[in-house]
file target-v6.pdb (PDB, C-alpha atoms and all ligand atoms)
ATOM      1  CA  MET A  17     161.142  64.918-134.545  1.00  0.00           C
ATOM      2  CA  ASP A  18     163.601  62.060-134.811  1.00  0.00           C
ATOM      3  CA  VAL A  19     161.876  58.851-133.985  1.00  0.00           C
ATOM      4  CA  ASN A  20     163.458  55.405-134.004  1.00  0.00           C
ATOM      5  CA  CYS A  21     161.903  53.171-136.633  1.00  0.00           C
ATOM      6  CA  VAL A  22     163.254  49.633-136.504  1.00  0.00           C
ATOM      7  CA  VAL A  23     163.543  46.942-139.168  1.00  0.00           C
ATOM      8  CA  VAL A  24     163.771  43.307-138.048  1.00  0.00           C
ATOM      9  CA  GLN A  25     164.475  40.749-140.724  1.00  0.00           C
ATOM     10  CA  GLY A  26     163.571  37.082-140.476  1.00  0.00           C
ATOM     11  CA  ARG A  27     163.914  34.349-143.082  1.00  0.00           C
ATOM     12  CA  GLU A  28     160.362  34.780-144.371  1.00  0.00           C
ATOM     13  CA  ARG A  29     159.130  38.149-143.148  1.00  0.00           C
ATOM     14  CA  CYS A  30     160.478  41.562-142.413  1.00  0.00           C
ATOM     15  CA  LEU A  31     159.073  43.716-139.603  1.00  0.00           C
ATOM     16  CA  LEU A  32     159.056  47.522-139.473  1.00  0.00           C
ATOM     17  CA  VAL A  33     158.256  49.113-136.113  1.00  0.00           C
ATOM     18  CA  ASP A  34     156.719  52.614-136.423  1.00  0.00           C
ATOM     19  CA  THR A  35     156.143  54.606-139.574  1.00  0.00           C
ATOM     20  CA  GLY A  36     157.169  58.242-138.947  1.00  0.00           C
ATOM     21  CA  SER A  37     155.139  61.455-139.023  1.00  0.00           C
ATOM     22  CA  THR A  38     154.032  62.018-142.615  1.00  0.00           C
ATOM     23  CA  ALA A  39     153.062  60.149-145.779  1.00  0.00           C
ATOM     24  CA  GLY A  40     156.469  61.071-147.223  1.00  0.00           C
ATOM     25  CA  GLU A  41     158.367  59.684-144.221  1.00  0.00           C
ATOM     26  CA  GLY A  42     156.232  56.531-144.385  1.00  0.00           C
ATOM     27  CA  GLN A  43     157.008  56.199-148.087  1.00  0.00           C
ATOM     28  CA  ARG A  44     160.751  56.534-147.511  1.00  0.00           C
ATOM     29  CA  LEU A  45     160.616  53.979-144.697  1.00  0.00           C
ATOM     30  CA  ARG A  46     158.620  51.613-146.895  1.00  0.00           C
ATOM     31  CA  THR A  47     161.189  51.891-149.691  1.00  0.00           C
ATOM     32  CA  ALA A  48     164.047  51.251-147.245  1.00  0.00           C
ATOM     33  CA  ALA A  49     162.252  48.339-145.536  1.00  0.00           C
ATOM     34  CA  LEU A  50     161.342  46.711-148.878  1.00  0.00           C
ATOM     35  CA  GLU A  51     164.945  46.991-149.990  1.00  0.00           C
ATOM     36  CA  ILE A  52     166.119  45.204-146.819  1.00  0.00           C
ATOM     37  CA  ALA A  53     163.234  42.695-147.101  1.00  0.00           C
ATOM     38  CA  ALA A  54     164.478  41.710-150.573  1.00  0.00           C
ATOM     39  CA  GLY A  55     161.232  40.016-151.608  1.00  0.00           C
ATOM     40  CA  ARG A  56     160.127  38.922-148.128  1.00  0.00           C
ATOM     41  CA  GLU A  57     156.680  39.870-146.899  1.00  0.00           C
ATOM     42  CA  LEU A  58     156.525  43.118-144.896  1.00  0.00           C
ATOM     43  CA  VAL A  59     154.708  43.457-141.541  1.00  0.00           C
ATOM     44  CA  VAL A  60     154.310  46.726-139.628  1.00  0.00           C
ATOM     45  CA  VAL A  61     153.824  47.493-135.934  1.00  0.00           C
ATOM     46  CA  ASN A  62     152.807  50.803-134.306  1.00  0.00           C
ATOM     47  CA  THR A  63     154.017  51.214-130.707  1.00  0.00           C
ATOM     48  CA  HIS A  64     151.420  53.906-129.916  1.00  0.00           C
ATOM     49  CA  ALA A  65     149.171  56.544-131.459  1.00  0.00           C
ATOM     50  CA  HIS A  66     151.416  59.624-131.184  1.00  0.00           C
ATOM     51  CA  TYR A  67     151.751  61.234-134.610  1.00  0.00           C
ATOM     52  CA  ASP A  68     155.503  60.748-134.945  1.00  0.00           C
ATOM     53  CA  HIS A  69     155.104  56.971-134.633  1.00  0.00           C
ATOM     54  CA  CYS A  70     152.151  56.266-136.932  1.00  0.00           C
ATOM     55  CA  PHE A  71     151.202  59.117-139.275  1.00  0.00           C
ATOM     56  CA  GLY A  72     153.296  57.433-141.991  1.00  0.00           C
ATOM     57  CA  ASN A  73     150.876  54.459-141.963  1.00  0.00           C
ATOM     58  CA  SER A  74     149.167  55.557-145.184  1.00  0.00           C
ATOM     59  CA  ALA A  75     152.264  54.450-147.137  1.00  0.00           C
ATOM     60  CA  PHE A  76     151.587  50.833-146.082  1.00  0.00           C
ATOM     61  CA  GLN A  77     148.224  50.117-147.710  1.00  0.00           C
ATOM     62  CA  GLY A  78     147.784  46.372-148.129  1.00  0.00           C
ATOM     63  CA  THR A  79     150.440  45.651-145.453  1.00  0.00           C
ATOM     64  CA  PRO A  80     149.230  44.340-142.089  1.00  0.00           C
ATOM     65  CA  ILE A  81     149.759  46.957-139.354  1.00  0.00           C
ATOM     66  CA  TRP A  82     149.675  45.607-135.788  1.00  0.00           C
ATOM     67  CA  ALA A  83     148.923  47.806-132.790  1.00  0.00           C
ATOM     68  CA  SER A  84     147.159  47.608-129.453  1.00  0.00           C
ATOM     69  CA  ALA A  85     143.375  47.910-129.549  1.00  0.00           C
ATOM     70  CA  GLY A  86     143.807  51.084-127.479  1.00  0.00           C
ATOM     71  CA  CYS A  87     146.080  52.575-130.139  1.00  0.00           C
ATOM     72  CA  VAL A  88     143.380  52.179-132.794  1.00  0.00           C
ATOM     73  CA  ARG A  89     140.779  53.745-130.483  1.00  0.00           C
ATOM     74  CA  ASP A  90     143.115  56.617-129.585  1.00  0.00           C
ATOM     75  CA  LEU A  91     144.007  57.345-133.193  1.00  0.00           C
ATOM     76  CA  LEU A  92     140.296  57.512-134.061  1.00  0.00           C
ATOM     77  CA  GLU A  93     139.654  59.850-131.135  1.00  0.00           C
ATOM     78  CA  THR A  94     142.700  62.105-131.261  1.00  0.00           C
ATOM     79  CA  GLY A  95     144.227  61.719-134.746  1.00  0.00           C
ATOM     80  CA  ALA A  96     142.662  64.777-136.380  1.00  0.00           C
ATOM     81  CA  ARG A  97     143.349  66.970-133.347  1.00  0.00           C
ATOM     82  CA  GLN A  98     146.948  65.725-133.035  1.00  0.00           C
ATOM     83  CA  ARG A  99     147.508  66.527-136.717  1.00  0.00           C
ATOM     84  CA  GLU A 100     146.192  70.069-136.258  1.00  0.00           C
ATOM     85  CA  LEU A 101     148.228  70.735-133.083  1.00  0.00           C
ATOM     86  CA  ALA A 102     151.444  69.175-134.398  1.00  0.00           C
ATOM     87  CA  ALA A 103     151.239  71.076-137.689  1.00  0.00           C
ATOM     88  CA  ALA A 104     150.659  74.364-135.798  1.00  0.00           C
ATOM     89  CA  GLY A 105     153.539  73.587-133.436  1.00  0.00           C
ATOM     90  CA  TRP A 106     155.980  72.838-136.256  1.00  0.00           C
ATOM     91  CA  GLU A 107     154.934  75.767-138.496  1.00  0.00           C
ATOM     92  CA  PRO A 108     157.399  78.320-137.017  1.00  0.00           C
ATOM     93  CA  LYS A 109     160.309  75.836-136.921  1.00  0.00           C
ATOM     94  CA  ASP A 110     159.830  73.879-140.145  1.00  0.00           C
ATOM     95  CA  PRO A 111     156.970  75.074-142.376  1.00  0.00           C
ATOM     96  CA  GLU A 112     157.566  72.376-144.988  1.00  0.00           C
ATOM     97  CA  PHE A 113     157.316  69.596-142.407  1.00  0.00           C
ATOM     98  CA  ALA A 114     154.247  71.306-140.902  1.00  0.00           C
ATOM     99  CA  ARG A 115     152.535  71.269-144.328  1.00  0.00           C
ATOM    100  CA  ALA A 116     153.353  67.575-144.788  1.00  0.00           C
ATOM    101  CA  LEU A 117     151.981  66.848-141.324  1.00  0.00           C
ATOM    102  CA  ALA A 118     148.765  68.780-141.984  1.00  0.00           C
ATOM    103  CA  ALA A 119     148.262  66.709-145.141  1.00  0.00           C
ATOM    104  CA  ALA A 120     149.039  63.319-143.570  1.00  0.00           C
ATOM    105  CA  PRO A 121     146.148  60.902-144.188  1.00  0.00           C
ATOM    106  CA  LEU A 122     145.147  59.052-141.021  1.00  0.00           C
ATOM    107  CA  ALA A 123     145.492  55.335-141.710  1.00  0.00           C
ATOM    108  CA  LEU A 124     144.452  53.001-138.899  1.00  0.00           C
ATOM    109  CA  PRO A 125     146.305  49.836-137.895  1.00  0.00           C
ATOM    110  CA  THR A 126     144.621  46.740-139.346  1.00  0.00           C
ATOM    111  CA  ASN A 127     145.438  44.094-136.695  1.00  0.00           C
ATOM    112  CA  GLU A 128     144.556  44.756-133.060  1.00  0.00           C
ATOM    113  CA  VAL A 129     146.464  43.209-130.152  1.00  0.00           C
ATOM    114  CA  GLU A 130     144.616  42.621-126.876  1.00  0.00           C
ATOM    115  CA  GLY A 131     147.177  41.404-124.362  1.00  0.00           C
ATOM    116  CA  ARG A 132     149.814  39.508-126.330  1.00  0.00           C
ATOM    117  CA  ALA A 133     150.474  38.324-129.865  1.00  0.00           C
ATOM    118  CA  ARG A 134     153.393  36.618-131.563  1.00  0.00           C
ATOM    119  CA  LEU A 135     154.756  37.353-135.014  1.00  0.00           C
ATOM    120  CA  GLU A 136     156.852  34.634-136.603  1.00  0.00           C
ATOM    121  CA  LEU A 137     159.331  36.172-139.015  1.00  0.00           C
ATOM    122  CA  GLY A 138     160.955  32.854-139.921  1.00  0.00           C
ATOM    123  CA  GLY A 139     163.642  31.707-137.484  1.00  0.00           C
ATOM    124  CA  LEU A 140     162.893  34.741-135.365  1.00  0.00           C
ATOM    125  CA  SER A 141     159.902  35.317-133.079  1.00  0.00           C
ATOM    126  CA  VAL A 142     158.614  38.703-132.032  1.00  0.00           C
ATOM    127  CA  GLU A 143     156.427  38.930-128.930  1.00  0.00           C
ATOM    128  CA  LEU A 144     154.062  41.898-129.018  1.00  0.00           C
ATOM    129  CA  GLU A 145     152.545  42.964-125.731  1.00  0.00           C
ATOM    130  CA  ALA A 146     150.050  45.711-124.983  1.00  0.00           C
ATOM    131  CA  VAL A 147     151.445  46.689-121.600  1.00  0.00           C
ATOM    132  CA  GLY A 148     148.676  49.025-120.433  1.00  0.00           C
ATOM    133  CA  ARG A 149     149.146  52.471-118.923  1.00  0.00           C
ATOM    134  CA  GLY A 150     152.612  53.986-119.176  1.00  0.00           C
ATOM    135  CA  HIS A 151     153.750  56.670-121.628  1.00  0.00           C
ATOM    136  CA  THR A 152     150.146  56.523-122.939  1.00  0.00           C
ATOM    137  CA  ASP A 153     147.193  54.308-122.030  1.00  0.00           C
ATOM    138  CA  HIS A 154     147.911  51.939-124.913  1.00  0.00           C
ATOM    139  CA  ASP A 155     151.678  51.368-125.337  1.00  0.00           C
ATOM    140  CA  LEU A 156     152.737  48.230-127.156  1.00  0.00           C
ATOM    141  CA  VAL A 157     156.265  46.791-127.051  1.00  0.00           C
ATOM    142  CA  ALA A 158     158.006  44.295-129.324  1.00  0.00           C
ATOM    143  CA  PHE A 159     160.423  41.809-127.723  1.00  0.00           C
ATOM    144  CA  LEU A 160     162.735  39.428-129.555  1.00  0.00           C
ATOM    145  CA  PRO A 161     163.365  36.704-126.957  1.00  0.00           C
ATOM    146  CA  GLN A 162     166.103  34.949-128.946  1.00  0.00           C
ATOM    147  CA  LEU A 163     168.170  38.131-129.184  1.00  0.00           C
ATOM    148  CA  ARG A 164     166.838  39.720-125.963  1.00  0.00           C
ATOM    149  CA  VAL A 165     166.152  42.911-127.869  1.00  0.00           C
ATOM    150  CA  LEU A 166     163.298  45.106-126.671  1.00  0.00           C
ATOM    151  CA  ILE A 167     161.719  47.735-128.913  1.00  0.00           C
ATOM    152  CA  ALA A 168     160.125  49.921-126.269  1.00  0.00           C
ATOM    153  CA  GLY A 169     158.519  52.869-128.104  1.00  0.00           C
ATOM    154  CA  ASP A 170     158.350  55.982-125.916  1.00  0.00           C
ATOM    155  CA  LEU A 171     158.161  53.973-122.683  1.00  0.00           C
ATOM    156  CA  VAL A 172     161.923  54.586-122.809  1.00  0.00           C
ATOM    157  CA  GLU A 173     163.440  57.784-124.222  1.00  0.00           C
ATOM    158  CA  GLU A 174     167.145  58.475-124.536  1.00  0.00           C
ATOM    159  CA  SER A 175     167.305  61.847-126.296  1.00  0.00           C
ATOM    160  CA  GLY A 176     165.470  63.713-123.531  1.00  0.00           C
ATOM    161  CA  PRO A 177     163.382  63.146-120.402  1.00  0.00           C
ATOM    162  CA  PRO A 178     160.372  60.854-120.917  1.00  0.00           C
ATOM    163  CA  ALA A 179     157.431  62.835-122.363  1.00  0.00           C
ATOM    164  CA  LEU A 180     154.632  63.228-119.845  1.00  0.00           C
ATOM    165  CA  GLU A 181     151.709  64.785-121.718  1.00  0.00           C
ATOM    166  CA  ASP A 182     149.665  61.567-121.959  1.00  0.00           C
ATOM    167  CA  CYS A 183     151.404  59.539-119.254  1.00  0.00           C
ATOM    168  CA  TRP A 184     150.116  57.529-116.275  1.00  0.00           C
ATOM    169  CA  PRO A 185     152.630  58.322-113.519  1.00  0.00           C
ATOM    170  CA  PHE A 186     151.686  55.525-111.118  1.00  0.00           C
ATOM    171  CA  SER A 187     151.599  52.668-113.650  1.00  0.00           C
ATOM    172  CA  TRP A 188     154.614  53.640-115.764  1.00  0.00           C
ATOM    173  CA  PRO A 189     157.245  52.441-113.235  1.00  0.00           C
ATOM    174  CA  ARG A 190     155.353  49.142-112.910  1.00  0.00           C
ATOM    175  CA  VAL A 191     155.513  48.666-116.666  1.00  0.00           C
ATOM    176  CA  LEU A 192     159.265  49.345-116.760  1.00  0.00           C
ATOM    177  CA  ARG A 193     159.877  46.878-113.933  1.00  0.00           C
ATOM    178  CA  ARG A 194     157.945  44.270-115.893  1.00  0.00           C
ATOM    179  CA  LEU A 195     159.989  44.947-119.042  1.00  0.00           C
ATOM    180  CA  LEU A 196     163.242  44.656-117.050  1.00  0.00           C
ATOM    181  CA  ASP A 197     162.015  41.279-115.733  1.00  0.00           C
ATOM    182  CA  TRP A 198     162.293  40.010-119.301  1.00  0.00           C
ATOM    183  CA  GLU A 199     166.051  40.687-118.993  1.00  0.00           C
ATOM    184  CA  PRO A 200     166.532  42.525-122.270  1.00  0.00           C
ATOM    185  CA  LEU A 201     170.155  43.183-123.249  1.00  0.00           C
ATOM    186  CA  THR A 202     169.441  45.789-125.899  1.00  0.00           C
ATOM    187  CA  ILE A 203     166.649  48.310-125.680  1.00  0.00           C
ATOM    188  CA  VAL A 204     165.610  50.529-128.586  1.00  0.00           C
ATOM    189  CA  PRO A 205     163.985  53.657-127.120  1.00  0.00           C
ATOM    190  CA  GLY A 206     161.375  55.699-128.980  1.00  0.00           C
ATOM    191  CA  HIS A 207     163.891  58.523-129.413  1.00  0.00           C
ATOM    192  CA  GLY A 208     167.664  58.641-129.098  1.00  0.00           C
ATOM    193  CA  ARG A 209     170.419  56.057-128.995  1.00  0.00           C
ATOM    194  CA  VAL A 210     170.033  52.355-128.298  1.00  0.00           C
ATOM    195  CA  VAL A 211     170.556  51.630-124.574  1.00  0.00           C
ATOM    196  CA  GLY A 212     171.141  48.774-122.135  1.00  0.00           C
ATOM    197  CA  PRO A 213     169.167  47.747-119.045  1.00  0.00           C
ATOM    198  CA  GLU A 214     171.192  50.072-116.781  1.00  0.00           C
ATOM    199  CA  PHE A 215     169.769  53.088-118.607  1.00  0.00           C
ATOM    200  CA  VAL A 216     166.222  51.757-118.226  1.00  0.00           C
ATOM    201  CA  ARG A 217     166.814  51.169-114.505  1.00  0.00           C
ATOM    202  CA  ARG A 218     167.955  54.804-114.207  1.00  0.00           C
ATOM    203  CA  GLN A 219     164.871  56.051-116.059  1.00  0.00           C
ATOM    204  CA  LEU A 220     162.738  53.843-113.816  1.00  0.00           C
ATOM    205  CA  GLY A 221     164.248  55.660-110.817  1.00  0.00           C
ATOM    206  CA  GLU A 222     163.311  59.040-112.332  1.00  0.00           C
ATOM    207  CA  LEU A 223     159.766  57.876-112.984  1.00  0.00           C
ATOM    208  CA  GLU A 224     159.483  56.495-109.449  1.00  0.00           C
ATOM    209  CA  GLU A 225     160.518  59.916-108.190  1.00  0.00           C
ATOM    210  CA  LEU A 226     157.817  61.480-110.375  1.00  0.00           C
ATOM    211  CA  ALA A 227     155.195  59.043-109.026  1.00  0.00           C
ATOM    212  CA  ALA A 228     156.214  59.789-105.423  1.00  0.00           C
ATOM    213  CA  TRP A 229     155.966  63.542-106.063  1.00  0.00           C
ATOM    214  CA  CYS A 230     152.529  63.107-107.692  1.00  0.00           C
ATOM    215  CA  LEU A 231     151.313  61.107-104.702  1.00  0.00           C
ATOM    216  CA  ALA A 232     152.587  63.691-102.210  1.00  0.00           C
ATOM    217  CA  SER A 233     151.161  66.585-104.265  1.00  0.00           C
ATOM    218  CA  LEU A 234     147.708  65.022-104.511  1.00  0.00           C
ATOM    219  CA  ASP A 235     147.568  64.925-100.728  1.00  0.00           C
ATOM    220  CA  THR A 236     149.097  68.360-100.172  1.00  0.00           C
ATOM    221  CA  PRO A 237     148.420  70.345-103.368  1.00  0.00           C
ATOM    222  CA  ARG A 238     150.728  73.222-102.414  1.00  0.00           C
ATOM    223  CA  GLY A 239     153.706  70.955-101.888  1.00  0.00           C
ATOM    224  CA  GLY A 240     157.179  71.567-103.290  1.00  0.00           C
ATOM    225  CA  ARG A 241     158.254  71.695-106.908  1.00  0.00           C
ATOM    226  CA  GLY A 242     158.494  68.359-108.705  1.00  0.00           C
ATOM    227  CA  PRO A 243     161.567  66.593-110.107  1.00  0.00           C
ATOM    228  CA  ALA A 244     163.835  69.088-111.910  1.00  0.00           C
ATOM    229  CA  LEU A 245     163.943  66.917-115.031  1.00  0.00           C
ATOM    230  CA  TRP A 246     160.584  68.206-116.233  1.00  0.00           C
ATOM    231  CA  SER A 247     159.028  71.627-116.827  1.00  0.00           C
ATOM    232  CA  GLU A 248     156.207  72.946-114.646  1.00  0.00           C
ATOM    233  CA  ALA A 249     153.764  72.445-117.531  1.00  0.00           C
ATOM    234  CA  GLU A 250     154.754  68.799-117.969  1.00  0.00           C
ATOM    235  CA  LEU A 251     154.534  68.168-114.243  1.00  0.00           C
ATOM    236  CA  ARG A 252     151.076  69.754-114.153  1.00  0.00           C
ATOM    237  CA  SER A 253     149.816  67.437-116.895  1.00  0.00           C
ATOM    238  CA  ALA A 254     151.338  64.406-115.125  1.00  0.00           C
ATOM    239  CA  LEU A 255     149.678  65.457-111.874  1.00  0.00           C
ATOM    240  CA  ALA A 256     146.282  65.876-113.548  1.00  0.00           C
ATOM    241  CA  ARG A 257     146.600  62.351-114.928  1.00  0.00           C
ATOM    242  CA  ALA A 258     147.762  61.022-111.561  1.00  0.00           C
ATOM    243  CA  ALA A 259     144.520  62.319-110.013  1.00  0.00           C
ATOM    244  CA  VAL A 260     142.495  60.402-112.612  1.00  0.00           C
ATOM    245  CA  GLU A 261     144.670  57.346-112.093  1.00  0.00           C
ATOM    246  CA  ARG A 262     144.221  57.364-108.346  1.00  0.00           C
ATOM    247  CA  ALA A 263     140.450  57.654-108.773  1.00  0.00           C
ATOM    248  CA  SER A 264     140.395  54.718-111.240  1.00  0.00           C
ATOM    249  CA  PRO A 265     143.451  52.487-110.798  1.00  0.00           C
ATOM    250  CA  GLY A 266     144.002  50.472-113.973  1.00  0.00           C
TER
HETATM  251 ZN    ZN A 301     154.907  59.192-127.687  1.00  0.00          ZN
END
call {"tool": "encode", "arguments": {"input": "target-v6.pdb", "output": "structure tokens", "more": "lines below"}}
Ligand SMILES: [Zn+2]
result
Amino acid sequence: MDVNCVVVQGRERCLLVDTGSTAGEGQRLRTAALEIAAGRELVVVNTHAHYDHCFGNSAFQGTPIWASAGCVRDLLETGARQRELAAAGWEPKDPEFARALAAAPLALPTNEVEGRARLELGGLSVELEAVGRGHTDHDLVAFLPQLRVLIAGDLVEESGPPALEDCWPFSWPRVLRRLLDWEPLTIVPGHGRVVGPEFVRRQLGELEELAAWCLASLDTPRGGRGPALWSEAELRSALARAAVERASPG
């Protein structure tokens, strides 16, 4: 699965956002990041606990890894199960990758963010914010205010429709509206090409449509089919989460 891992270089420190799916991918990213860092200290951020964004963490022993507190909790709770499911899912398509996934050591982030934190890279600040429920219940974004670049993790996806399996349909649009309020010019999605705010506004519209369908379906369970962008299975999992969300708004 192609995930966007981002290197941001300041005068004193170099930041890598997300570490890939396996120890080998993490190792290759570490080598590439250290080459760019050229002697500068390396700092790592995980946007969320899905395997393709953080199972390369084991290659970064001794390097601080920042993530939301919820990401650490989720990785502890779901890491082993995710590894098993992902390896089984990849086995028919790419047995070698599946083996590497099954063998990926689970390495937890070392620095937890509650709310906001700032990393100073030297001449360049990076605002980290744990934005709450969206693509997962613990997404964290990295924003570079000087450059108005937003590294959004899977809160924004360009290569396909936003993935719904762990999503919170009612909060996700709120989170995107908040991110757009920061007026980013360049947005790095979790997957696919770099986009501008127009793309995010479009995706916000799709997610608002999803939220409206979830709301209508909770009230009339045999209502019409949901937005065509997603499969029935994805819509079912979004709807199940919407029911939880309505019972306990976060
Ligand atoms: Zn994800």
call {"tool": "closest_atom_pairs", "arguments": {"input": "target-v6.pdb", "of": "chain A", "to": "ligand ZN 301 (chain A)", "cutoff": "7 Å", "atoms": "all atoms listed in the file", "output": "JSON lines"}}
result
{"residue": "A:His64", "atom": "CA", "partner": "A:ZN301", "partner_atom": "ZN", "distance": 6.7}
{"residue": "A:His66", "atom": "CA", "partner": "A:ZN301", "partner_atom": "ZN", "distance": 5.0}
{"residue": "A:His151", "atom": "CA", "partner": "A:ZN301", "partner_atom": "ZN", "distance": 6.7}
{"residue": "A:Asp170", "atom": "CA", "partner": "A:ZN301", "partner_atom": "ZN", "distance": 5.0}
{"residue": "A:Ala179", "atom": "CA", "partner": "A:ZN301", "partner_atom": "ZN", "distance": 6.9}
call {"tool": "residues_around", "arguments": {"input": "target-v6.pdb", "residues": "range 193-199 of chain A", "least_positions_apart": "6", "cutoff": "8 Å", "atoms": "all atoms listed in the file", "output": "tab-separated table (two decimals) with C-alpha atoms, in the frame of the given file"}}
result
chain	number	residue	atom	x	y	z
A	164	ARG	CA	166.84	39.72	-125.96
A	213	PRO	CA	169.17	47.75	-119.04
A	216	VAL	CA	166.22	51.76	-118.23
A	217	ARG	CA	166.81	51.17	-114.50
A	220	LEU	CA	162.74	53.84	-113.82
call {"tool": "resolve_selection", "arguments": {"input": "target-v6.pdb", "expression": "the PyMOL selection byres (((chain A and resi 36) around 7) and not hetatm)", "output": "number ranges by chain"}}
result
A: 19, 34-35, 37-38, 41-42, 68-72
call {"tool": "resolve_selection", "arguments": {"input": "target-v6.pdb", "expression": "the PyMOL selection byres (((chain A and resi 190) around 10) and not hetatm)", "output": "list of chain:residue names"}}
result
A:Val147, A:Arg149, A:Gly150, A:Pro185, A:Phe186, A:Ser187, A:Trp188, A:Pro189, A:Val191, A:Leu192, A:Arg193, A:Arg194, A:Leu195, A:Leu196, A:Leu220, A:Leu223, A:Glu224
call {"tool": "resolve_selection", "arguments": {"input": "target-v6.pdb", "expression": "the PyMOL selection byres (((chain A and resi 55) around 12) and not hetatm)", "output": "PyMOL selection string"}}
result
chain A and resi 25-30+49-54+56-58
call {"tool": "axis_aligned_box", "arguments": {"input": "target-v6.pdb", "around": "range 138-154 of chain A", "padding_each_side": "3 Å", "output": "JSON"}}
result
{"center_x": 155.4, "center_y": 44.2, "center_z": -129.4, "size_x": 22.4, "size_y": 31.0, "size_z": 27.0}
call {"tool": "closest_residue", "arguments": {"input": "target-v6.pdb", "among": "A:Thr152, A:Thr126, A:Gln98, A:Ser74", "to": "Ala254 in chain A", "atoms": "only C-alpha atoms"}}
result
A:Thr152
call {"tool": "atom_distance", "arguments": {"input": "target-v6.pdb", "atom1": "CA of Glu174 in chain A", "atom2": "CA of Asp155 in chain A"}}
result
17.0 Å
call {"tool": "closest_residue", "arguments": {"input": "target-v6.pdb", "among": "A:Glu145, A:Asp18, A:Asp90, A:Glu181", "to": "Ile167 in chain A", "atoms": "all atoms listed in the file"}}
result
A:Glu145
call {"tool": "residues_around", "arguments": {"input": "target-v6.pdb", "residues": "Leu231 in chain A", "least_positions_apart": "4", "cutoff": "12 Å", "atoms": "only C-alpha atoms", "output": "mmCIF file with C-alpha atoms, in the frame of the given file"}}
result
data_model
loop_
_atom_site.group_PDB
_atom_site.id
_atom_site.type_symbol
_atom_site.label_atom_id
_atom_site.label_comp_id
_atom_site.auth_asym_id
_atom_site.auth_seq_id
_atom_site.Cartn_x
_atom_site.Cartn_y
_atom_site.Cartn_z
ATOM 1 C CA PRO A 185 152.630 58.322 -113.519
ATOM 2 C CA PHE A 186 151.686 55.525 -111.118
ATOM 3 C CA GLU A 224 159.483 56.495 -109.449
ATOM 4 C CA GLU A 225 160.518 59.916 -108.190
ATOM 5 C CA LEU A 226 157.817 61.480 -110.375
ATOM 6 C CA ALA A 227 155.195 59.043 -109.026
ATOM 7 C CA ASP A 235 147.568 64.925 -100.728
ATOM 8 C CA THR A 236 149.097 68.360 -100.172
ATOM 9 C CA PRO A 237 148.420 70.345 -103.368
ATOM 10 C CA GLY A 239 153.706 70.955 -101.888
ATOM 11 C CA GLY A 242 158.494 68.359 -108.705
ATOM 12 C CA ALA A 254 151.338 64.406 -115.125
ATOM 13 C CA LEU A 255 149.678 65.457 -111.874
ATOM 14 C CA ALA A 256 146.282 65.876 -113.548
ATOM 15 C CA ARG A 257 146.600 62.351 -114.928
ATOM 16 C CA ALA A 258 147.762 61.022 -111.561
ATOM 17 C CA ALA A 259 144.520 62.319 -110.013
ATOM 18 C CA VAL A 260 142.495 60.402 -112.612
ATOM 19 C CA GLU A 261 144.670 57.346 -112.093
ATOM 20 C CA ARG A 262 144.221 57.364 -108.346
#
call {"tool": "residues_around", "arguments": {"input": "target-v6.pdb", "residues": "Glu143 in chain A", "least_positions_apart": "4", "cutoff": "6 Å", "atoms": "all atoms listed in the file", "output": "list in words"}}
result
Arg134, Ala158 and Phe159 of chain A
call {"tool": "atom_distance", "arguments": {"input": "target-v6.pdb", "atom1": "CA of Ile81 in chain A", "atom2": "CA of Val59 in chain A"}}
result
6.4 Å
call {"tool": "atom_distance", "arguments": {"input": "target-v6.pdb", "atom1": "CA of Gly169 in chain A", "atom2": "CA of Ala228 in chain A"}}
result
23.8 Å
call {"tool": "closest_residue", "arguments": {"input": "target-v6.pdb", "among": "A:Pro178, A:Ser247, A:Glu130, A:Leu137", "to": "Val23 in chain A", "atoms": "all atoms listed in the file"}}
result
A:Leu137
call {"tool": "closest_residue", "arguments": {"input": "target-v6.pdb", "among": "A:Arg115, A:Leu160, A:Pro200, A:Ala65", "to": "Asp182 in chain A", "atoms": "all atoms listed in the file"}}
result
A:Ala65
call {"tool": "closest_residue", "arguments": {"input": "target-v6.pdb", "among": "A:Gln162, A:Val60, A:Glu100, A:Leu171", "to": "Pro125 in chain A", "atoms": "all atoms listed in the file"}}
result
A:Val60
call {"tool": "residues_around", "arguments": {"input": "target-v6.pdb", "residues": "Arg241 in chain A", "least_positions_apart": "5", "cutoff": "9 Å", "atoms": "all atoms listed in the file", "output": "number ranges by chain"}}
result
A: 229, 248, 251
call {"tool": "closest_residue", "arguments": {"input": "target-v6.pdb", "among": "A:Ala244, A:Ala123, A:Leu45, A:Ala114", "to": "Asn73 in chain A", "atoms": "all atoms listed in the file"}}
result
A:Ala123
call {"tool": "residues_near_point", "arguments": {"input": "target-v6.pdb", "point": "(145.7, 61.5, -138.9)", "cutoff": "7 Å", "atoms": "all atoms listed in the file", "output": "list in words"}}
result
Phe71, Gly95, Ala96, Arg99, Ala120, Pro121, Leu122 and Ala123 of chain A
call {"tool": "build_atoms", "arguments": {"input": "target-v6.pdb", "residues": "range 260-264 of chain A", "atoms": "N, CA and C atoms", "output": "compact mmCIF listing (two decimals), in the coordinates of the input"}}
result
# COMPACT_ATOMS: atom_id res chain seq x y z
N VAL A 260 143.43 61.32 -111.94
CA VAL A 260 142.50 60.40 -112.61
C VAL A 260 142.87 58.96 -112.28
N GLU A 261 144.18 58.71 -112.31
CA GLU A 261 144.67 57.35 -112.09
C GLU A 261 144.36 56.87 -110.67
N ARG A 262 144.49 57.77 -109.72
CA ARG A 262 144.22 57.36 -108.35
C ARG A 262 142.73 57.06 -108.16
N ALA A 263 141.90 57.87 -108.89
CA ALA A 263 140.45 57.65 -108.77
C ALA A 263 140.03 56.35 -109.46
N SER A 264 140.75 55.97 -110.53
CA SER A 264 140.40 54.72 -111.24
C SER A 264 141.67 53.94 -111.56
